Structures are given as structure tokens and as C-alpha cells.
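Peer 1: Contents of protein11.txt (compact mmCIF, N, CA and C atoms) are below:
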```
# COMPACT_ATOMS: atom_id res chain seq x y z
N MET A 1 20.39 32.83 10.41
CA MET A 1 20.11 34.22 10.15
C MET A 1 18.62 34.34 9.83
N ALA A 2 17.95 35.29 10.47
CA ALA A 2 16.52 35.46 10.28
C ALA A 2 16.22 35.95 8.87
N GLY A 3 15.19 35.40 8.28
CA GLY A 3 14.77 35.85 6.95
C GLY A 3 15.50 35.18 5.80
N SER A 4 16.52 34.38 6.08
CA SER A 4 17.24 33.74 4.97
C SER A 4 16.51 32.47 4.56
N ASN A 5 16.62 32.16 3.30
CA ASN A 5 15.96 30.98 2.77
C ASN A 5 17.03 29.96 2.43
N CYS A 6 17.03 28.87 3.12
CA CYS A 6 18.03 27.83 2.91
C CYS A 6 17.51 26.83 1.88
N ALA A 7 18.23 26.69 0.78
CA ALA A 7 17.80 25.78 -0.28
C ALA A 7 17.85 24.33 0.17
N GLY A 8 18.72 24.02 1.10
CA GLY A 8 18.81 22.65 1.60
C GLY A 8 17.53 22.18 2.24
N GLY A 9 16.81 23.07 2.89
CA GLY A 9 15.53 22.72 3.50
C GLY A 9 14.51 22.30 2.46
N ASP A 10 14.51 22.97 1.31
CA ASP A 10 13.59 22.59 0.24
C ASP A 10 13.93 21.21 -0.30
N ASP A 11 15.23 20.93 -0.42
CA ASP A 11 15.63 19.61 -0.89
C ASP A 11 15.19 18.52 0.07
N PHE A 12 15.30 18.78 1.37
CA PHE A 12 14.87 17.80 2.34
C PHE A 12 13.36 17.58 2.28
N ALA A 13 12.61 18.66 2.06
CA ALA A 13 11.15 18.53 1.99
C ALA A 13 10.75 17.64 0.81
N VAL A 14 11.42 17.81 -0.33
CA VAL A 14 11.12 16.98 -1.50
C VAL A 14 11.49 15.54 -1.22
N PHE A 15 12.67 15.32 -0.61
CA PHE A 15 13.10 13.97 -0.26
C PHE A 15 12.13 13.35 0.74
N SER A 16 11.69 14.13 1.70
CA SER A 16 10.77 13.63 2.71
C SER A 16 9.44 13.23 2.10
N GLN A 17 8.91 14.05 1.18
CA GLN A 17 7.64 13.73 0.52
C GLN A 17 7.77 12.45 -0.29
N MET A 18 8.81 12.36 -1.10
CA MET A 18 9.00 11.17 -1.93
C MET A 18 9.29 9.94 -1.07
N GLY A 19 10.11 10.12 -0.04
CA GLY A 19 10.40 9.01 0.87
C GLY A 19 9.13 8.51 1.56
N GLY A 20 8.30 9.44 1.99
CA GLY A 20 7.04 9.06 2.62
C GLY A 20 6.11 8.35 1.65
N ALA A 21 6.07 8.83 0.40
CA ALA A 21 5.23 8.20 -0.61
C ALA A 21 5.71 6.78 -0.90
N VAL A 22 7.01 6.59 -1.02
CA VAL A 22 7.57 5.26 -1.29
C VAL A 22 7.32 4.34 -0.10
N LEU A 23 7.49 4.87 1.11
CA LEU A 23 7.26 4.08 2.31
C LEU A 23 5.80 3.65 2.40
N ALA A 24 4.88 4.56 2.08
CA ALA A 24 3.45 4.21 2.09
C ALA A 24 3.15 3.14 1.04
N LEU A 25 3.76 3.26 -0.13
CA LEU A 25 3.52 2.28 -1.19
C LEU A 25 4.06 0.91 -0.80
N LEU A 26 5.24 0.87 -0.20
CA LEU A 26 5.78 -0.40 0.28
C LEU A 26 4.89 -0.98 1.38
N GLY A 27 4.36 -0.11 2.22
CA GLY A 27 3.44 -0.55 3.25
C GLY A 27 2.17 -1.17 2.68
N ILE A 28 1.68 -0.57 1.60
CA ILE A 28 0.49 -1.11 0.94
C ILE A 28 0.77 -2.50 0.40
N PHE A 29 1.91 -2.66 -0.28
CA PHE A 29 2.25 -3.98 -0.82
C PHE A 29 2.36 -5.02 0.29
N ALA A 30 3.01 -4.66 1.39
CA ALA A 30 3.17 -5.61 2.50
C ALA A 30 1.82 -5.94 3.14
N THR A 31 0.96 -4.94 3.29
CA THR A 31 -0.36 -5.17 3.88
C THR A 31 -1.20 -6.08 3.00
N VAL A 32 -1.25 -5.77 1.71
CA VAL A 32 -2.06 -6.58 0.79
C VAL A 32 -1.48 -7.99 0.67
N ALA A 33 -0.16 -8.11 0.64
CA ALA A 33 0.46 -9.43 0.59
C ALA A 33 0.11 -10.23 1.84
N GLY A 34 0.10 -9.57 2.99
CA GLY A 34 -0.30 -10.25 4.22
C GLY A 34 -1.74 -10.72 4.17
N LEU A 35 -2.63 -9.88 3.63
CA LEU A 35 -4.03 -10.28 3.52
C LEU A 35 -4.21 -11.44 2.54
N LEU A 36 -3.47 -11.41 1.44
CA LEU A 36 -3.54 -12.53 0.50
C LEU A 36 -2.99 -13.80 1.13
N GLY A 37 -1.93 -13.66 1.91
CA GLY A 37 -1.38 -14.81 2.62
C GLY A 37 -2.39 -15.41 3.58
N LEU A 38 -3.15 -14.55 4.24
CA LEU A 38 -4.18 -15.06 5.15
C LEU A 38 -5.25 -15.81 4.37
N LYS A 39 -5.59 -15.30 3.19
CA LYS A 39 -6.61 -15.97 2.37
C LYS A 39 -6.08 -17.32 1.87
N LEU A 40 -4.82 -17.36 1.49
CA LEU A 40 -4.25 -18.59 0.93
C LEU A 40 -3.90 -19.63 1.99
N HIS A 41 -3.47 -19.20 3.16
CA HIS A 41 -2.91 -20.13 4.14
C HIS A 41 -3.74 -20.27 5.41
N GLY A 42 -4.88 -19.63 5.45
CA GLY A 42 -5.76 -19.80 6.60
C GLY A 42 -7.07 -20.39 6.12
N SER A 43 -7.71 -21.14 6.97
CA SER A 43 -9.00 -21.69 6.57
C SER A 43 -10.07 -20.62 6.73
N VAL A 44 -11.15 -20.81 6.03
CA VAL A 44 -12.25 -19.85 6.06
C VAL A 44 -13.05 -20.07 7.33
N GLY A 45 -13.49 -19.01 7.92
CA GLY A 45 -14.32 -19.13 9.12
C GLY A 45 -13.82 -18.23 10.22
N ARG A 46 -14.19 -18.57 11.42
CA ARG A 46 -13.81 -17.77 12.57
C ARG A 46 -12.31 -17.89 12.83
N ILE A 47 -11.75 -16.90 13.47
CA ILE A 47 -10.30 -16.86 13.73
C ILE A 47 -9.87 -18.06 14.58
N ARG A 48 -10.72 -18.52 15.47
CA ARG A 48 -10.35 -19.66 16.33
C ARG A 48 -10.27 -20.96 15.54
N ASP A 49 -10.99 -21.02 14.41
CA ASP A 49 -11.01 -22.24 13.62
C ASP A 49 -9.91 -22.29 12.56
N CYS A 50 -9.16 -21.21 12.39
CA CYS A 50 -8.13 -21.16 11.34
C CYS A 50 -6.96 -22.07 11.69
N THR A 51 -6.38 -22.66 10.66
CA THR A 51 -5.14 -23.39 10.85
C THR A 51 -4.05 -22.35 10.98
N LYS A 52 -3.37 -22.35 12.08
CA LYS A 52 -2.39 -21.30 12.35
C LYS A 52 -0.97 -21.86 12.22
N GLY A 53 -0.59 -22.15 10.99
CA GLY A 53 0.76 -22.62 10.73
C GLY A 53 1.71 -21.45 10.57
N LEU A 54 2.94 -21.78 10.24
CA LEU A 54 3.98 -20.76 10.09
C LEU A 54 3.61 -19.74 9.01
N ARG A 55 3.06 -20.18 7.90
CA ARG A 55 2.69 -19.25 6.82
C ARG A 55 1.58 -18.30 7.27
N TRP A 56 0.68 -18.77 8.09
CA TRP A 56 -0.39 -17.92 8.61
C TRP A 56 0.20 -16.82 9.48
N TYR A 57 1.14 -17.20 10.36
CA TYR A 57 1.79 -16.22 11.23
C TYR A 57 2.63 -15.23 10.42
N LEU A 58 3.28 -15.71 9.37
CA LEU A 58 4.05 -14.81 8.50
C LEU A 58 3.13 -13.82 7.78
N ALA A 59 1.95 -14.27 7.39
CA ALA A 59 0.99 -13.39 6.75
C ALA A 59 0.52 -12.30 7.72
N ILE A 60 0.26 -12.68 8.95
CA ILE A 60 -0.11 -11.69 9.98
C ILE A 60 1.03 -10.70 10.19
N ALA A 61 2.27 -11.21 10.26
CA ALA A 61 3.43 -10.34 10.44
C ALA A 61 3.59 -9.39 9.25
N GLY A 62 3.36 -9.88 8.04
CA GLY A 62 3.43 -9.02 6.86
C GLY A 62 2.40 -7.92 6.90
N TRP A 63 1.19 -8.26 7.31
CA TRP A 63 0.14 -7.25 7.41
C TRP A 63 0.52 -6.19 8.44
N CYS A 64 1.00 -6.63 9.62
CA CYS A 64 1.40 -5.70 10.68
C CYS A 64 2.56 -4.81 10.22
N PHE A 65 3.53 -5.40 9.53
CA PHE A 65 4.67 -4.64 9.03
C PHE A 65 4.21 -3.58 8.02
N GLY A 66 3.28 -3.94 7.16
CA GLY A 66 2.75 -2.99 6.19
C GLY A 66 2.04 -1.83 6.86
N GLN A 67 1.27 -2.13 7.89
CA GLN A 67 0.58 -1.07 8.62
C GLN A 67 1.59 -0.15 9.31
N LEU A 68 2.66 -0.72 9.84
CA LEU A 68 3.71 0.08 10.49
C LEU A 68 4.39 1.00 9.47
N LEU A 69 4.69 0.48 8.29
CA LEU A 69 5.31 1.32 7.25
C LEU A 69 4.40 2.48 6.87
N GLN A 70 3.11 2.24 6.76
CA GLN A 70 2.19 3.31 6.41
C GLN A 70 2.11 4.35 7.53
N LEU A 71 2.20 3.91 8.77
CA LEU A 71 2.21 4.83 9.90
C LEU A 71 3.48 5.70 9.88
N LEU A 72 4.60 5.09 9.58
CA LEU A 72 5.86 5.84 9.49
C LEU A 72 5.85 6.82 8.32
N ALA A 73 5.15 6.47 7.25
CA ALA A 73 5.06 7.35 6.08
C ALA A 73 4.40 8.68 6.44
N VAL A 74 3.45 8.64 7.36
CA VAL A 74 2.78 9.87 7.78
C VAL A 74 3.75 10.81 8.47
N ARG A 75 4.79 10.26 9.09
CA ARG A 75 5.80 11.12 9.74
C ARG A 75 6.68 11.83 8.73
N LEU A 76 6.85 11.25 7.55
CA LEU A 76 7.73 11.85 6.54
C LEU A 76 7.00 12.77 5.58
N ALA A 77 5.87 12.34 5.09
CA ALA A 77 5.19 13.08 4.04
C ALA A 77 3.93 13.74 4.58
N SER A 78 3.41 14.67 3.81
CA SER A 78 2.18 15.35 4.21
C SER A 78 0.99 14.41 4.07
N GLU A 79 -0.08 14.75 4.75
CA GLU A 79 -1.27 13.90 4.72
C GLU A 79 -1.86 13.73 3.32
N PRO A 80 -1.94 14.79 2.50
CA PRO A 80 -2.48 14.58 1.14
C PRO A 80 -1.67 13.58 0.32
N VAL A 81 -0.36 13.60 0.47
CA VAL A 81 0.49 12.68 -0.28
C VAL A 81 0.25 11.25 0.19
N VAL A 82 0.25 11.03 1.50
CA VAL A 82 0.03 9.69 2.03
C VAL A 82 -1.37 9.20 1.69
N ALA A 83 -2.36 10.08 1.79
CA ALA A 83 -3.74 9.69 1.46
C ALA A 83 -3.86 9.30 -0.01
N ALA A 84 -3.20 10.05 -0.89
CA ALA A 84 -3.25 9.72 -2.31
C ALA A 84 -2.59 8.38 -2.59
N VAL A 85 -1.47 8.13 -1.96
CA VAL A 85 -0.76 6.87 -2.19
C VAL A 85 -1.54 5.70 -1.61
N THR A 86 -2.17 5.89 -0.45
CA THR A 86 -2.89 4.77 0.15
C THR A 86 -4.14 4.39 -0.65
N THR A 87 -4.63 5.28 -1.50
CA THR A 87 -5.74 4.89 -2.37
C THR A 87 -5.30 3.83 -3.38
N LEU A 88 -4.00 3.68 -3.54
CA LEU A 88 -3.49 2.67 -4.46
C LEU A 88 -3.63 1.25 -3.90
N ALA A 89 -4.12 1.13 -2.67
CA ALA A 89 -4.35 -0.20 -2.11
C ALA A 89 -5.37 -0.97 -2.94
N VAL A 90 -6.35 -0.26 -3.50
CA VAL A 90 -7.38 -0.93 -4.30
C VAL A 90 -6.78 -1.54 -5.57
N PRO A 91 -6.03 -0.77 -6.39
CA PRO A 91 -5.45 -1.41 -7.57
C PRO A 91 -4.38 -2.46 -7.23
N VAL A 92 -3.61 -2.24 -6.17
CA VAL A 92 -2.61 -3.23 -5.77
C VAL A 92 -3.31 -4.53 -5.38
N ASN A 93 -4.39 -4.41 -4.63
CA ASN A 93 -5.16 -5.58 -4.25
C ASN A 93 -5.73 -6.29 -5.48
N ALA A 94 -6.25 -5.51 -6.42
CA ALA A 94 -6.82 -6.11 -7.64
C ALA A 94 -5.75 -6.84 -8.44
N LEU A 95 -4.59 -6.22 -8.58
CA LEU A 95 -3.51 -6.84 -9.37
C LEU A 95 -2.96 -8.10 -8.70
N LEU A 96 -2.77 -8.04 -7.40
CA LEU A 96 -2.24 -9.22 -6.71
C LEU A 96 -3.28 -10.34 -6.65
N ALA A 97 -4.56 -9.99 -6.51
CA ALA A 97 -5.61 -11.01 -6.53
C ALA A 97 -5.71 -11.65 -7.92
N TRP A 98 -5.52 -10.84 -8.96
CA TRP A 98 -5.52 -11.36 -10.33
C TRP A 98 -4.36 -12.33 -10.52
N ARG A 99 -3.20 -11.94 -10.01
CA ARG A 99 -1.99 -12.75 -10.20
C ARG A 99 -1.99 -14.02 -9.37
N TYR A 100 -2.39 -13.92 -8.09
CA TYR A 100 -2.23 -15.06 -7.19
C TYR A 100 -3.51 -15.82 -6.89
N LEU A 101 -4.66 -15.19 -7.06
CA LEU A 101 -5.92 -15.87 -6.75
C LEU A 101 -6.75 -16.19 -7.99
N GLY A 102 -6.27 -15.76 -9.16
CA GLY A 102 -6.98 -16.05 -10.39
C GLY A 102 -8.22 -15.20 -10.62
N GLU A 103 -8.31 -14.06 -9.93
CA GLU A 103 -9.45 -13.16 -10.15
C GLU A 103 -9.37 -12.55 -11.54
N SER A 104 -10.51 -12.24 -12.11
CA SER A 104 -10.51 -11.63 -13.45
C SER A 104 -10.51 -10.10 -13.33
N ILE A 105 -9.89 -9.46 -14.31
CA ILE A 105 -9.87 -8.00 -14.38
C ILE A 105 -10.43 -7.60 -15.74
N THR A 106 -11.47 -6.78 -15.73
CA THR A 106 -12.11 -6.35 -16.97
C THR A 106 -11.41 -5.11 -17.51
N ARG A 107 -11.83 -4.67 -18.69
CA ARG A 107 -11.28 -3.44 -19.27
C ARG A 107 -11.58 -2.24 -18.38
N TRP A 108 -12.77 -2.21 -17.79
CA TRP A 108 -13.11 -1.11 -16.89
C TRP A 108 -12.21 -1.12 -15.66
N ASP A 109 -11.88 -2.30 -15.18
CA ASP A 109 -10.96 -2.41 -14.04
C ASP A 109 -9.59 -1.86 -14.41
N TRP A 110 -9.08 -2.23 -15.59
CA TRP A 110 -7.77 -1.71 -16.04
C TRP A 110 -7.81 -0.20 -16.18
N LEU A 111 -8.90 0.34 -16.72
CA LEU A 111 -9.04 1.79 -16.87
C LEU A 111 -9.08 2.45 -15.50
N SER A 112 -9.80 1.86 -14.57
CA SER A 112 -9.87 2.41 -13.21
C SER A 112 -8.51 2.39 -12.53
N ILE A 113 -7.77 1.31 -12.71
CA ILE A 113 -6.43 1.22 -12.13
C ILE A 113 -5.52 2.30 -12.71
N ALA A 114 -5.58 2.49 -14.02
CA ALA A 114 -4.76 3.53 -14.66
C ALA A 114 -5.12 4.92 -14.16
N LEU A 115 -6.41 5.19 -14.02
CA LEU A 115 -6.83 6.51 -13.53
C LEU A 115 -6.42 6.74 -12.08
N MET A 116 -6.49 5.70 -11.26
CA MET A 116 -6.06 5.84 -9.87
C MET A 116 -4.55 6.09 -9.78
N LEU A 117 -3.79 5.40 -10.62
CA LEU A 117 -2.34 5.64 -10.66
C LEU A 117 -2.04 7.06 -11.10
N LEU A 118 -2.73 7.52 -12.11
CA LEU A 118 -2.54 8.89 -12.61
C LEU A 118 -2.90 9.91 -11.53
N GLY A 119 -4.03 9.73 -10.89
CA GLY A 119 -4.45 10.67 -9.85
C GLY A 119 -3.50 10.71 -8.68
N ALA A 120 -3.07 9.55 -8.21
CA ALA A 120 -2.12 9.51 -7.09
C ALA A 120 -0.79 10.14 -7.49
N GLY A 121 -0.34 9.87 -8.70
CA GLY A 121 0.91 10.47 -9.18
C GLY A 121 0.82 11.98 -9.25
N LEU A 122 -0.29 12.49 -9.72
CA LEU A 122 -0.47 13.95 -9.79
C LEU A 122 -0.42 14.59 -8.41
N VAL A 123 -1.06 13.98 -7.44
CA VAL A 123 -1.04 14.53 -6.08
C VAL A 123 0.36 14.49 -5.51
N VAL A 124 1.06 13.36 -5.68
CA VAL A 124 2.40 13.23 -5.10
C VAL A 124 3.37 14.23 -5.73
N PHE A 125 3.34 14.37 -7.05
CA PHE A 125 4.33 15.21 -7.72
C PHE A 125 3.97 16.68 -7.73
N THR A 126 2.72 17.03 -7.42
CA THR A 126 2.35 18.45 -7.42
C THR A 126 2.03 18.95 -6.02
N SER A 127 2.33 18.16 -5.01
CA SER A 127 2.07 18.58 -3.64
C SER A 127 2.90 19.81 -3.31
N PRO A 128 2.30 20.83 -2.68
CA PRO A 128 3.02 22.08 -2.43
C PRO A 128 4.19 21.92 -1.47
N GLN A 129 4.20 20.90 -0.66
CA GLN A 129 5.31 20.73 0.28
C GLN A 129 6.37 19.92 -0.40
```
As C-alpha cells, what does this structure read like?

Peer 2:
Amino acid sequence: MAGSNCAGGDDFAVFSQMGGAVLALLGIFATVAGLLGLKLHGSVGRIRDCTKGLRWYLAIAGWCFGQLLQLLAVRLASEPVVAAVTTLAVPVNALLAWRYLGESITRWDWLSIALMLLGAGLVVFTSPQ
């Protein structure tokens, strides 16, 4: 019926936004994990000189899978939501590098991570769609 407002459509839009945000976040974790795997299981230098064992190929597959998830997230959620969530790649990278590579994180780094999480959360939860 023309002019009617279906509440179910609004529910789907909220589910779609949150689903897209979660998919983008999972994609970020997979992408960063793949990059860390390349750092841990590949030798430094040109791509032709890398040791290409099973773990190296799995790291490449993880990176590709993460990129695919982020691409699919754009189909579900609006661009501002996906863009806000993908900015979390920086803190995710910092946290995983701290955990697995022994990188140090300063107080300013922790504050920056908290502010990025807050900003991304505000965009995701207050997005008009």
C-alpha cells in the first residue's frame, strides 16, 4: 500500500547496519592476522625470496578472506558505518602486534585506541540508516 510505513523494514535496516559493522570488524581481524602471519612466517625481502610454506599460504588466504569480508560489509551497511569500523584496523594492528610481535604500547597509544573505539562506536550506533 502506498504511503504506509512498514516497521519491519526499519528492523532490517538496523540488522543490516550492525551485520555490516560486525562483518567489517571480522574482516579487519582476518586481514591483520594474515599480515602478521606473513611477518612471522615469511622471510624479509622480495616476494620471490620468501619461504612459501603452508603457513605463508594460510596467511595470504587469511588476508584475502579478510578483504572479502570487508567488501561484503559494504553491501550490508552504509559507507559511513563501514568507514568508521575500518578505521579500527589501526588499533587492531597495534594490539595484535603488541600481543604476538612484542611491540610496546605507550599510554598515548592506549588513549588513542580508546578514542578510536569510542568514535567508531558513536558512528555505528548513531548512523541515520

Peer 1: Could you please determine the separation between atom C of Ala73 (chain A) and CA of Tyr100 (chain A) in Å, to one decimal place?

Peer 2: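 It comes out at 28.2 Å.
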
Peer 1: Could you list, as a PyMOL selection string, every residue within 9 Å of region 120-123 of chain A, counting only C-alpha atoms and ignoring same-chain residues fewer than 5 positions away?

Peer 2: chain A and resi 80-81+83-88+115

Peer 1: For Ser112 (chain A), which residue out of A:Leu38, A:Pro91, A:Trp63, A:Leu96 is the nearest one, using only C-alpha atoms?

Peer 2: A:Pro91

Peer 1: Could you give me, as a list of chain:residue names, the residues that have an atom at most 12 Å away from the point (0.6, -4.6, 10.6) in the coordinates of the file, using only C-alpha atoms?

Peer 2: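 All residues meeting the 12 Å criterion around (0.6, -4.6, 10.6) are A:Gly27, A:Ile28, A:Phe29, A:Ala30, A:Thr31, A:Val32, A:Ala33, A:Gly34, A:Leu35, A:Tyr57, A:Leu58, A:Ala59, A:Ile60, A:Ala61, A:Gly62, A:Trp63, A:Cys64, A:Phe65, A:Gly66, A:Gln67, A:Leu68, A:Leu69, A:Gln70, A:Leu71, A:Leu72.
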
Peer 1: Tell me, in Å to one decimal, how far CA of Gly119 (chain A) is from atom C of Ser78 (chain A).

Peer 2: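 Computing the Euclidean distance for CA of Gly119 (chain A) and atom C of Ser78 (chain A) yields 15.4 Å.
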
Peer 1: Mind pulling up the distance from CA of Thr126 (chain A) to atom C of Ala94 (chain A)?

Peer 2: 26.6 Å

Peer 1: Around all the atoms of region 94-98 of chain A listed in the file, draw an axis-aligned box and extend it by 5 Å on each of the six sides; I want its centre and edge lengths in Å to one decimal, as JSON.

Peer 2:
```
{"center_x": -4.5, "center_y": -8.9, "center_z": -8.5, "size_x": 14.6, "size_y": 16.8, "size_z": 14.1}
```
